[in-house]
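Novice: Handing you this structure, nothing more for now.
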Amino acid sequence: MEDNRKSLKIKEDKIGVIRVADDVVSIIAGLAATEVEGVGSMAGNITNEIVAKTGIKNLSKGVHVDVMDGIVTVDLNLNIKYGYAIPEVSKNVQERVGSAIETMTGLEVGTINVRIASVDMNGNK
């Protein structure tokens with residue numbers, strides 16, 4: 001069951017060890033962020049944009065997750081819909097992402113950094 005992806009140990013007891021691939025935490029963060037009203041989409045680098053245009057869906061696009069000493073740091077790059085308040089949407093994203101990661105993985109979330117990369121003019125209120 002060995003895998004080349006980096007994984008995080010979330011639980012260990014007499015029954016065994018539970019590990020989660022770091023990509024899974026990124027996907028959870030990305031999905032949670034896009035559920036927030038006002039978020040148009042996740043922003044990514046040029047490679048992610050090309051992959052998206054070819055029809056391959058990358059659910060962790062625009063998300064970077066780092067874990068140090070069992071505490072998760074998340075960096076999100078978002079495109080916000082035009083007409084929404086950036087501070088309010090960003091706060092809602094931080095709350096939703098933190099809650100989703102903690103609920104689904106049991107990992108402690110320390111910092112969630114939000115970067116607004118663009119304004120989505122097609123996503124008007």
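Identifiers for the structure tokens are assigned positionally: chains receive A, B, ... in sequence, residues are indexed from 1 per chain, and ligands are indexed from 1 in the order shown.
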Could you find all residues in chain A that DSSP calls strand (DSSP E or B) from the backbone, and write them as a PyMOL selection string?
Specialist: chain A and resi 7-12+17-21+39-42+63-68+71-81+108-120
Novice: Limited to N, CA and C atoms, could you put the picked residues into a file as a compact mmCIF listing (two decimals), in the first residue's frame?
Specialist:
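Once written, out39.txt looks like this:
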```txt
# COMPACT_ATOMS: atom_id res chain seq x y z
N SER A 7 2.27 11.99 2.89
CA SER A 7 1.06 11.80 3.67
C SER A 7 1.27 12.24 5.10
N LEU A 8 0.17 12.47 5.78
CA LEU A 8 0.17 12.96 7.15
C LEU A 8 -0.47 11.92 8.05
N LYS A 9 0.17 11.63 9.17
CA LYS A 9 -0.40 10.70 10.13
C LYS A 9 -1.41 11.48 10.97
N ILE A 10 -2.67 11.02 10.95
CA ILE A 10 -3.68 11.72 11.72
C ILE A 10 -4.11 10.94 12.96
N LYS A 11 -3.79 9.64 12.99
CA LYS A 11 -4.15 8.85 14.17
C LYS A 11 -3.31 7.58 14.20
N GLU A 12 -2.92 7.21 15.41
CA GLU A 12 -2.21 5.95 15.59
C GLU A 12 -2.66 5.35 16.92
N VAL A 17 -2.46 2.61 12.01
CA VAL A 17 -2.17 4.01 11.71
C VAL A 17 -3.11 4.49 10.61
N ILE A 18 -3.61 5.70 10.77
CA ILE A 18 -4.41 6.33 9.72
C ILE A 18 -3.59 7.48 9.16
N ARG A 19 -3.36 7.44 7.84
CA ARG A 19 -2.61 8.48 7.14
C ARG A 19 -3.49 9.07 6.04
N VAL A 20 -3.29 10.35 5.79
CA VAL A 20 -4.02 11.04 4.73
C VAL A 20 -3.00 11.70 3.82
N ALA A 21 -3.15 11.52 2.52
CA ALA A 21 -2.26 12.18 1.56
C ALA A 21 -2.45 13.69 1.69
N VAL A 39 -17.15 33.48 -3.77
CA VAL A 39 -15.94 32.91 -4.39
C VAL A 39 -16.31 32.45 -5.80
N GLY A 40 -15.62 33.01 -6.79
CA GLY A 40 -15.88 32.62 -8.17
C GLY A 40 -15.23 31.29 -8.51
N SER A 41 -13.95 31.17 -8.16
CA SER A 41 -13.20 29.95 -8.44
C SER A 41 -11.86 30.03 -7.73
N MET A 42 -11.14 28.92 -7.79
CA MET A 42 -9.78 28.90 -7.26
C MET A 42 -8.87 29.42 -8.37
N VAL A 63 -4.31 25.93 -4.05
CA VAL A 63 -4.19 25.61 -2.63
C VAL A 63 -2.80 25.07 -2.34
N HIS A 64 -2.18 25.60 -1.29
CA HIS A 64 -0.91 25.04 -0.81
C HIS A 64 -1.09 24.74 0.68
N VAL A 65 -0.80 23.50 1.04
CA VAL A 65 -0.94 23.08 2.44
C VAL A 65 0.43 22.69 2.96
N ASP A 66 0.73 23.16 4.17
CA ASP A 66 1.99 22.83 4.83
C ASP A 66 1.67 22.38 6.25
N VAL A 67 2.32 21.33 6.70
CA VAL A 67 2.09 20.84 8.07
C VAL A 67 3.42 20.81 8.81
N MET A 68 3.47 21.53 9.92
CA MET A 68 4.67 21.53 10.77
C MET A 68 4.22 21.29 12.20
N ILE A 71 0.46 21.02 12.93
CA ILE A 71 -0.42 22.17 12.69
C ILE A 71 -0.41 22.51 11.21
N VAL A 72 -1.61 22.64 10.64
CA VAL A 72 -1.77 22.88 9.22
C VAL A 72 -1.79 24.37 8.92
N THR A 73 -1.01 24.77 7.91
CA THR A 73 -1.06 26.12 7.36
C THR A 73 -1.57 26.00 5.94
N VAL A 74 -2.56 26.81 5.58
CA VAL A 74 -3.17 26.75 4.26
C VAL A 74 -3.02 28.09 3.57
N ASP A 75 -2.57 28.06 2.32
CA ASP A 75 -2.52 29.25 1.48
C ASP A 75 -3.49 29.04 0.32
N LEU A 76 -4.45 29.95 0.17
CA LEU A 76 -5.47 29.84 -0.87
C LEU A 76 -5.37 31.02 -1.83
N ASN A 77 -5.47 30.75 -3.11
CA ASN A 77 -5.54 31.78 -4.14
C ASN A 77 -6.91 31.70 -4.78
N LEU A 78 -7.69 32.78 -4.63
CA LEU A 78 -9.08 32.78 -5.07
C LEU A 78 -9.37 33.85 -6.10
N ASN A 79 -10.37 33.58 -6.92
CA ASN A 79 -10.98 34.59 -7.77
C ASN A 79 -12.32 34.92 -7.12
N ILE A 80 -12.54 36.19 -6.81
CA ILE A 80 -13.77 36.59 -6.14
C ILE A 80 -14.76 37.10 -7.18
N LYS A 81 -16.04 36.88 -6.92
CA LYS A 81 -17.08 37.38 -7.81
C LYS A 81 -17.19 38.89 -7.62
N GLU A 108 -5.15 19.93 13.44
CA GLU A 108 -5.31 21.29 13.95
C GLU A 108 -4.90 22.28 12.87
N VAL A 109 -5.74 23.27 12.61
CA VAL A 109 -5.45 24.29 11.61
C VAL A 109 -4.95 25.53 12.32
N GLY A 110 -3.78 26.00 11.91
CA GLY A 110 -3.20 27.18 12.51
C GLY A 110 -3.54 28.44 11.74
N THR A 111 -3.06 28.53 10.53
CA THR A 111 -3.21 29.74 9.73
C THR A 111 -3.84 29.42 8.38
N ILE A 112 -4.77 30.28 7.96
CA ILE A 112 -5.36 30.17 6.63
C ILE A 112 -5.18 31.52 5.96
N ASN A 113 -4.28 31.58 4.99
CA ASN A 113 -3.99 32.81 4.28
C ASN A 113 -4.77 32.84 2.97
N VAL A 114 -5.47 33.95 2.72
CA VAL A 114 -6.28 34.09 1.52
C VAL A 114 -5.68 35.18 0.65
N ARG A 115 -5.47 34.85 -0.61
CA ARG A 115 -4.98 35.83 -1.59
C ARG A 115 -6.03 35.93 -2.69
N ILE A 116 -6.54 37.14 -2.90
CA ILE A 116 -7.49 37.36 -3.99
C ILE A 116 -6.67 37.65 -5.24
N ALA A 117 -6.74 36.75 -6.21
CA ALA A 117 -5.92 36.84 -7.41
C ALA A 117 -6.60 37.61 -8.53
N SER A 118 -7.94 37.59 -8.53
CA SER A 118 -8.65 38.20 -9.64
C SER A 118 -10.11 38.43 -9.26
N VAL A 119 -10.78 39.25 -10.05
CA VAL A 119 -12.21 39.47 -9.89
C VAL A 119 -12.91 38.81 -11.06
N ASP A 120 -13.87 37.94 -10.75
CA ASP A 120 -14.63 37.22 -11.75
C ASP A 120 -15.81 38.10 -12.18
```
Novice: Measuring atom to atom with only C-alpha atoms, identify which of A:Gly70, A:Ala85, A:Lys6, A:Ala32 is nearest to Val97 of chain A.
Specialist: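 So, comparing all the options, the nearest one is A:Ala32.
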